[in-house]
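> Submitted below is the structure of interest, expressed as structure tokens.
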Amino acid sequence: MGNIRFGLLALVAAAVTFAAARAIGNPYVFFAGYVVLQYVVLATAWNILGGYTGYVNFGTAAFFAMGAYTTVVLHKTVPVLPLPAMMLAGGAISALIGLGMGYLTLRLRGTFFSIATLAMAVVAQTLITNWNFVGGSRGAYIVRPRLSPIFPGDYIQYLFVIMLLLSVLAVVVARAIQHSRLGYGFAAIRDDEPAAEASGVPTLRLKLIATALSGGLMGMAGAPLPYYVTYLDPASGFSLSYAVNTIAMPLIGGTATWLGPLIGAVLLGTLQQVATVTISSALSLLLVGLLLVGFVIAAPKGIVGWFQR
Amino acid sequence: MDLSFDLWGNALVSGLLLGGFYAAVTIGVSISFGMLDIVNIAHPAFIVLGSYTAYIANSVFGFDPILSSIVLMPAFYLLGVAIYSVYDVSFERRGDASIRGLAFFFGLLFIAEVTLVLVFGVDYRLVEAPYIGPSLHAGAIDLPLRLLVPFAVSLALVLCLHVFMSHTFIGRAVQGVAQDPSALRLVGADPSRIKRIAFGLSIASASVAGAILIVIQPVEPSIARDYIGRIFAICVMGGLGSFGGTVVAAMILGVMESFTSTFYGPSWSPAVAFGFLLITLAVRPAGLFGRI
């Protein structure tokens, strides 16, 4: 299937999803669905670097929160800017951060990159905590508009549609990469980096492309967050649960293809929404940790791997 | 002028004391990451676990937190052995240690943190001991016992591990296992067993490190994350697995953090470790004293 045809199909699926959500008519569906879709974007973005090239990024929360805080800054300085423009800005900032981090650490063994991303999340949080303009440790309040600007309905429906379109974009990009020269280059890096380097694959450049692309998508996923939560503080924006979920979802779904993170995010995201409501949010996070450890030990190829045998 | 000298002197001394403590926190990772090449990012979680066991021993049974943590080392050793056995079977033997091994330890870090939150809540916990509170004074320099005792315990811990590593057969085998596992087989040692012992030791050190952590500052479950950057910065800067390098790098970071919090405010000090780590990785990835 060509990329364009797949993209159109994905758009149709998105339209059906939205129509179904509206048919249910309960605003909670949009609030819960938004979170699941946000994880579809994050997991797919993480997988472009982690699954395709084999470099583990523990700093999802940092890229994500940078996107969110870009929105906070723009909301305070140019409030008339439409949300998609803010998302582009947030994505650009996060992509630049990814590029810089990658440039400094990607020439070393993959482990060092992973540790650096973990440490970066702590530092980015320190910077934001000390920056009074965006609220510092007290956090920032954002007034969510009441109505959607483009179609009749609540603003949460607008946020839902935006996130739905972004997840279509992320999945289409991830799928297109997988079957392109770029994707084969990424796979070569993952399987044997020295051999890839020796046969002329520009490994550093490819890794930088993957990091920037992945970071940019995470930033875009974070940009609408302030409007969703209406109150953003560093502790929640940089929450470790983003990083854990984003790693757990592709690993549970399967990291080799675009389908794995999608399956993982929808399953685990929905499961968590249900568990948060029915049990407690701490227990639902514990569940994610246990599933992550269980799957990496017992099912290294994830759910997708079950169907390939 | 006097005031500024006092300020500098105190910042320097408390930085050195803090650095001594960081050496104990890092020494376990110097073994697991530096010598065995196991990226145990969950190590700080085991340290916080050590803090909580010391807290229980102190608040429920009234024992000294540091002494009880030394008594509890065998239990932590066994925990480490158990974790390494799972890691060995699931990842190292499959030759798939990189991505999934990292995710495994990340999952452990998260499980440990959430479990501690569920059991103890997110309140800060502290311990009581006679050396928490009083200070020695050397001229204008304050030497709080709360930092001095952990400093001494930490250096003693590092020294013991150093003696073990350089003067016993198993210790030397640990140093050799990462370099050449097959050569180790030729001298009659099982690499898997050697690694299991070494990993057990690294987790055992977390018991003591955790106890002195809770002596120095109140502890809550998510504090582990603040230490990941520090620990790996020190470990890399110290040259991965060199104990002497670890101590020196820990002192340098301690002094840098102490000056940062004295002159710019404590909320900035977490950023120091990261800057330190990034500069090390970018400029000299072999560390200060590394071979490569």
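Going by the structure tokens order, chains are called A, B, ..., each with residues numbered from 1, while ligands are numbered from 1 in the order shown.
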What lies within 9 Å of Gly200 (chain B) using only C-alpha atoms, ignoring chain neighbours under 5 positions off, as a list in words?
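Contacts, in chain order: Pro74, Phe76, Tyr77, Leu78, Leu79, Gly80, Val81, Ala82, Ile83, Tyr84, Lys195 and Ser205 of chain B.
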> Just the helix (DSSP H, G or I) stuff from region 195-274 of chain A, please, per backbone DSSP, written as a ChimeraX atom specification.
/A:195-198,203-222,225-229,234-237,240-253,259-274
> Residues of chain A within 7 Å of chain B, using only C-alpha atoms, as a list in words?
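My answer is Gly54, Val56, Leu104, Thr105, Ala119, Met120, Val122, Val123, Thr126, Ala282, Leu286, Gly289, Leu290, Leu292, Val293, Val296 and Ile297 of chain A.
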> Would you kindly return, as a PDB file with N, CA, C and O atoms, in the first residue's frame, each protein, DNA or RNA residue with an atom no farther than 12 Å from any atom of Trp8 (chain B), considering only C-alpha atoms and excluding same-chain residues fewer than 3 positions away?

ATOM      1  N   MET B   1      35.363  40.768  53.994  1.00  0.00           N
ATOM      2  CA  MET B   1      36.421  39.866  53.523  1.00  0.00           C
ATOM      3  C   MET B   1      36.432  38.583  54.347  1.00  0.00           C
ATOM      4  O   MET B   1      36.466  37.483  53.815  1.00  0.00           O
ATOM      5  N   ASP B   2      36.407  38.804  55.711  1.00  0.00           N
ATOM      6  CA  ASP B   2      36.342  37.646  56.593  1.00  0.00           C
ATOM      7  C   ASP B   2      35.140  36.785  56.255  1.00  0.00           C
ATOM      8  O   ASP B   2      35.235  35.566  56.149  1.00  0.00           O
ATOM      9  N   LEU B   3      34.028  37.491  56.084  1.00  0.00           N
ATOM     10  CA  LEU B   3      32.786  36.801  55.818  1.00  0.00           C
ATOM     11  C   LEU B   3      32.916  35.970  54.552  1.00  0.00           C
ATOM     12  O   LEU B   3      32.521  34.812  54.501  1.00  0.00           O
ATOM     13  N   SER B   4      33.521  36.558  53.509  1.00  0.00           N
ATOM     14  CA  SER B   4      33.593  35.850  52.247  1.00  0.00           C
ATOM     15  C   SER B   4      34.529  34.635  52.360  1.00  0.00           C
ATOM     16  O   SER B   4      34.260  33.583  51.799  1.00  0.00           O
ATOM     17  N   PHE B   5      35.598  34.792  53.182  1.00  0.00           N
ATOM     18  CA  PHE B   5      36.470  33.629  53.372  1.00  0.00           C
ATOM     19  C   PHE B   5      35.725  32.497  54.087  1.00  0.00           C
ATOM     20  O   PHE B   5      35.812  31.338  53.689  1.00  0.00           O
ATOM     21  N   ALA B  11      31.750  26.441  52.196  1.00  0.00           N
ATOM     22  CA  ALA B  11      31.231  25.821  50.976  1.00  0.00           C
ATOM     23  C   ALA B  11      32.166  24.705  50.521  1.00  0.00           C
ATOM     24  O   ALA B  11      31.723  23.629  50.117  1.00  0.00           O
ATOM     25  N   LEU B  12      33.473  24.963  50.623  1.00  0.00           N
ATOM     26  CA  LEU B  12      34.451  23.968  50.187  1.00  0.00           C
ATOM     27  C   LEU B  12      34.366  22.716  51.060  1.00  0.00           C
ATOM     28  O   LEU B  12      34.289  21.591  50.561  1.00  0.00           O
ATOM     29  N   VAL B  13      34.356  22.933  52.394  1.00  0.00           N
ATOM     30  CA  VAL B  13      34.344  21.787  53.302  1.00  0.00           C
ATOM     31  C   VAL B  13      33.062  20.993  53.167  1.00  0.00           C
ATOM     32  O   VAL B  13      33.080  19.758  53.054  1.00  0.00           O
ATOM     33  N   SER B  14      31.917  21.688  53.101  1.00  0.00           N
ATOM     34  CA  SER B  14      30.690  20.899  53.001  1.00  0.00           C
ATOM     35  C   SER B  14      30.617  20.219  51.643  1.00  0.00           C
ATOM     36  O   SER B  14      30.059  19.125  51.524  1.00  0.00           O
ATOM     37  N   GLY B  15      31.222  20.828  50.608  1.00  0.00           N
ATOM     38  CA  GLY B  15      31.273  20.169  49.307  1.00  0.00           C
ATOM     39  C   GLY B  15      32.093  18.898  49.360  1.00  0.00           C
ATOM     40  O   GLY B  15      31.705  17.867  48.793  1.00  0.00           O
ATOM     41  N   ALA B 140      36.570  29.049  61.816  1.00  0.00           N
ATOM     42  CA  ALA B 140      35.304  29.524  61.294  1.00  0.00           C
ATOM     43  C   ALA B 140      34.570  28.430  60.528  1.00  0.00           C
ATOM     44  O   ALA B 140      33.457  28.633  60.062  1.00  0.00           O
ATOM     45  N   ILE B 141      35.214  27.272  60.395  1.00  0.00           N
ATOM     46  CA  ILE B 141      34.636  26.215  59.573  1.00  0.00           C
ATOM     47  C   ILE B 141      33.744  25.314  60.433  1.00  0.00           C
ATOM     48  O   ILE B 141      34.162  24.834  61.471  1.00  0.00           O
ATOM     49  N   ASP B 142      32.512  25.093  59.959  1.00  0.00           N
ATOM     50  CA  ASP B 142      31.611  24.173  60.646  1.00  0.00           C
ATOM     51  C   ASP B 142      31.791  22.774  60.083  1.00  0.00           C
ATOM     52  O   ASP B 142      31.879  22.596  58.872  1.00  0.00           O
ATOM     53  N   VAL B 255      31.899  19.542  45.544  1.00  0.00           N
ATOM     54  CA  VAL B 255      32.348  20.926  45.725  1.00  0.00           C
ATOM     55  C   VAL B 255      31.620  21.846  44.745  1.00  0.00           C
ATOM     56  O   VAL B 255      31.144  22.931  45.108  1.00  0.00           O
ATOM     57  N   MET B 256      31.473  21.374  43.483  1.00  0.00           N
ATOM     58  CA  MET B 256      30.791  22.225  42.495  1.00  0.00           C
ATOM     59  C   MET B 256      29.345  22.490  42.909  1.00  0.00           C
ATOM     60  O   MET B 256      28.852  23.620  42.820  1.00  0.00           O
ATOM     61  N   SER B 258      28.126  22.346  45.940  1.00  0.00           N
ATOM     62  CA  SER B 258      28.106  23.153  47.152  1.00  0.00           C
ATOM     63  C   SER B 258      28.286  24.635  46.822  1.00  0.00           C
ATOM     64  O   SER B 258      27.569  25.495  47.339  1.00  0.00           O
ATOM     65  N   PHE B 259      29.220  24.950  45.922  1.00  0.00           N
ATOM     66  CA  PHE B 259      29.411  26.351  45.529  1.00  0.00           C
ATOM     67  C   PHE B 259      28.182  26.878  44.800  1.00  0.00           C
ATOM     68  O   PHE B 259      27.757  28.009  45.019  1.00  0.00           O
ATOM     69  N   THR B 260      27.619  26.044  43.927  1.00  0.00           N
ATOM     70  CA  THR B 260      26.428  26.491  43.199  1.00  0.00           C
ATOM     71  C   THR B 260      25.296  26.821  44.169  1.00  0.00           C
ATOM     72  O   THR B 260      24.652  27.868  44.048  1.00  0.00           O
ATOM     73  N   SER B 261      25.086  25.946  45.159  1.00  0.00           N
ATOM     74  CA  SER B 261      23.943  26.232  46.026  1.00  0.00           C
ATOM     75  C   SER B 261      24.259  27.362  46.993  1.00  0.00           C
ATOM     76  O   SER B 261      23.360  28.084  47.406  1.00  0.00           O
ATOM     77  N   THR B 262      25.540  27.555  47.340  1.00  0.00           N
ATOM     78  CA  THR B 262      25.875  28.682  48.212  1.00  0.00           C
ATOM     79  C   THR B 262      25.690  30.007  47.488  1.00  0.00           C
ATOM     80  O   THR B 262      25.171  30.973  48.049  1.00  0.00           O
ATOM     81  N   PHE B 263      26.118  30.072  46.230  1.00  0.00           N
ATOM     82  CA  PHE B 263      26.132  31.361  45.551  1.00  0.00           C
ATOM     83  C   PHE B 263      24.938  31.603  44.636  1.00  0.00           C
ATOM     84  O   PHE B 263      24.627  32.732  44.312  1.00  0.00           O
TER      85      PHE B 263
END
> Tell me which of A:Leu285, A:Gly153, A:Thr203, A:Thr129 sits closest to Pro266 (chain B), counting only C-alpha atoms.
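Comparing A:Leu285, A:Gly153, A:Thr203, A:Thr129 against Pro266 (chain B), the winner is A:Thr129.
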> Just asking: which residues within region 56-284 of chain A are strand (DSSP E or B) according to DSSP, as a ChimeraX atom specification?
/A:140-141,147,154,231-232
> My list of candidates is B:Leu17, B:Leu67, B:Ile27, B:Leu7. Which is closest to Gly254 (chain B) when distances are computed with only C-alpha atoms?
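For Gly254 (chain B), the nearest of the candidates is B:Leu17.
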> Using only C-alpha atoms, which residues sit within 12 Å of Val187 (chain B) once same-chain residues fewer than 3 positions away are excluded, as a list in words?
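Once the adjacent positions are removed, what remains is Phe169, Ile170, Arg172, Ala173, Gly176, Val177, Asp180, Pro181, Ser182, Ala183, Leu184, Asp190 and Pro191 of chain B.
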> Go ahead and write the selection's residues with C-alpha atoms as an mmCIF file, in the first residue's frame.

data_model
loop_
_atom_site.group_PDB
_atom_site.id
_atom_site.type_symbol
_atom_site.label_atom_id
_atom_site.label_comp_id
_atom_site.auth_asym_id
_atom_site.auth_seq_id
_atom_site.Cartn_x
_atom_site.Cartn_y
_atom_site.Cartn_z
ATOM 1 C CA PHE B 169 40.752 -13.987 43.739
ATOM 2 C CA ILE B 170 37.074 -13.199 43.247
ATOM 3 C CA ARG B 172 40.377 -9.745 40.606
ATOM 4 C CA ALA B 173 38.114 -12.025 38.627
ATOM 5 C CA GLY B 176 38.733 -9.310 34.577
ATOM 6 C CA VAL B 177 35.242 -10.479 33.685
ATOM 7 C CA ASP B 180 37.740 -11.200 28.776
ATOM 8 C CA PRO B 181 35.147 -13.704 30.003
ATOM 9 C CA SER B 182 36.686 -16.627 28.138
ATOM 10 C CA ALA B 183 40.109 -16.068 29.692
ATOM 11 C CA LEU B 184 38.364 -16.162 33.049
ATOM 12 C CA ASP B 190 32.538 -19.123 35.935
ATOM 13 C CA PRO B 191 31.951 -15.619 34.485
#
> Hey, what's within 12 Å of Leu106 (chain A) if we count only C-alpha atoms and toss same-chain stuff fewer than 3 positions away? As a ChimeraX atom specification, please?
/A:49,53-57,98-103,109-117,189,193,203-211 /B:278,281-282,285
> Have a look at CA of Gly264 (chain A) and CA of Val173 (chain A) and let me know their distance in Å, one decimal.
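Interatomic distance, CA of Gly264 (chain A) to CA of Val173 (chain A): 17.6 Å.
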> Using only C-alpha atoms for the distances, tell me which of B:Gly171, B:Pro44, B:Gly210, B:Gly28 is nearest to Cys235 (chain B).
B:Gly28
> Tell me which protein, DNA and RNA residues are within 6 Å of region 217-234 of chain A, counting only C-alpha atoms, leaving out same-chain ones fewer than 4 positions away, and put them as a ChimeraX atom specification.
/A:42,45,63-65,67-68,71,87,90-91,94,139-142,144,238
> Quote the spacing between CA of Leu96 (chain A) and CA of Asn132 (chain A) in Å to one decimal place.
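Spanning CA of Leu96 (chain A) to CA of Asn132 (chain A) is a straight-line distance of 22.9 Å.
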> Using Å and a single decimal, report how far CA of Ile31 (chain B) sits from CA of Phe164 (chain B).
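One can read the CA of Phe164 (chain B) to CA of Ile31 (chain B) distance as 12.2 Å.
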> Point out the residue among A:Leu169, A:Ala256, A:Ala61, A:Met86 with the least atom-to-atom distance to Phe186 (chain A), counting only C-alpha atoms.
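Smallest distance to Phe186 (chain A) is found for A:Ala256.
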> Quick one: residues within 10 Å of Val48 (chain B), only C-alpha atoms, excluding same-chain residues fewer than 2 positions away - as number ranges by chain?
B: 43-46, 50-54, 112-113, 116, 206-207, 209-211, 213-214, 219-225, 227
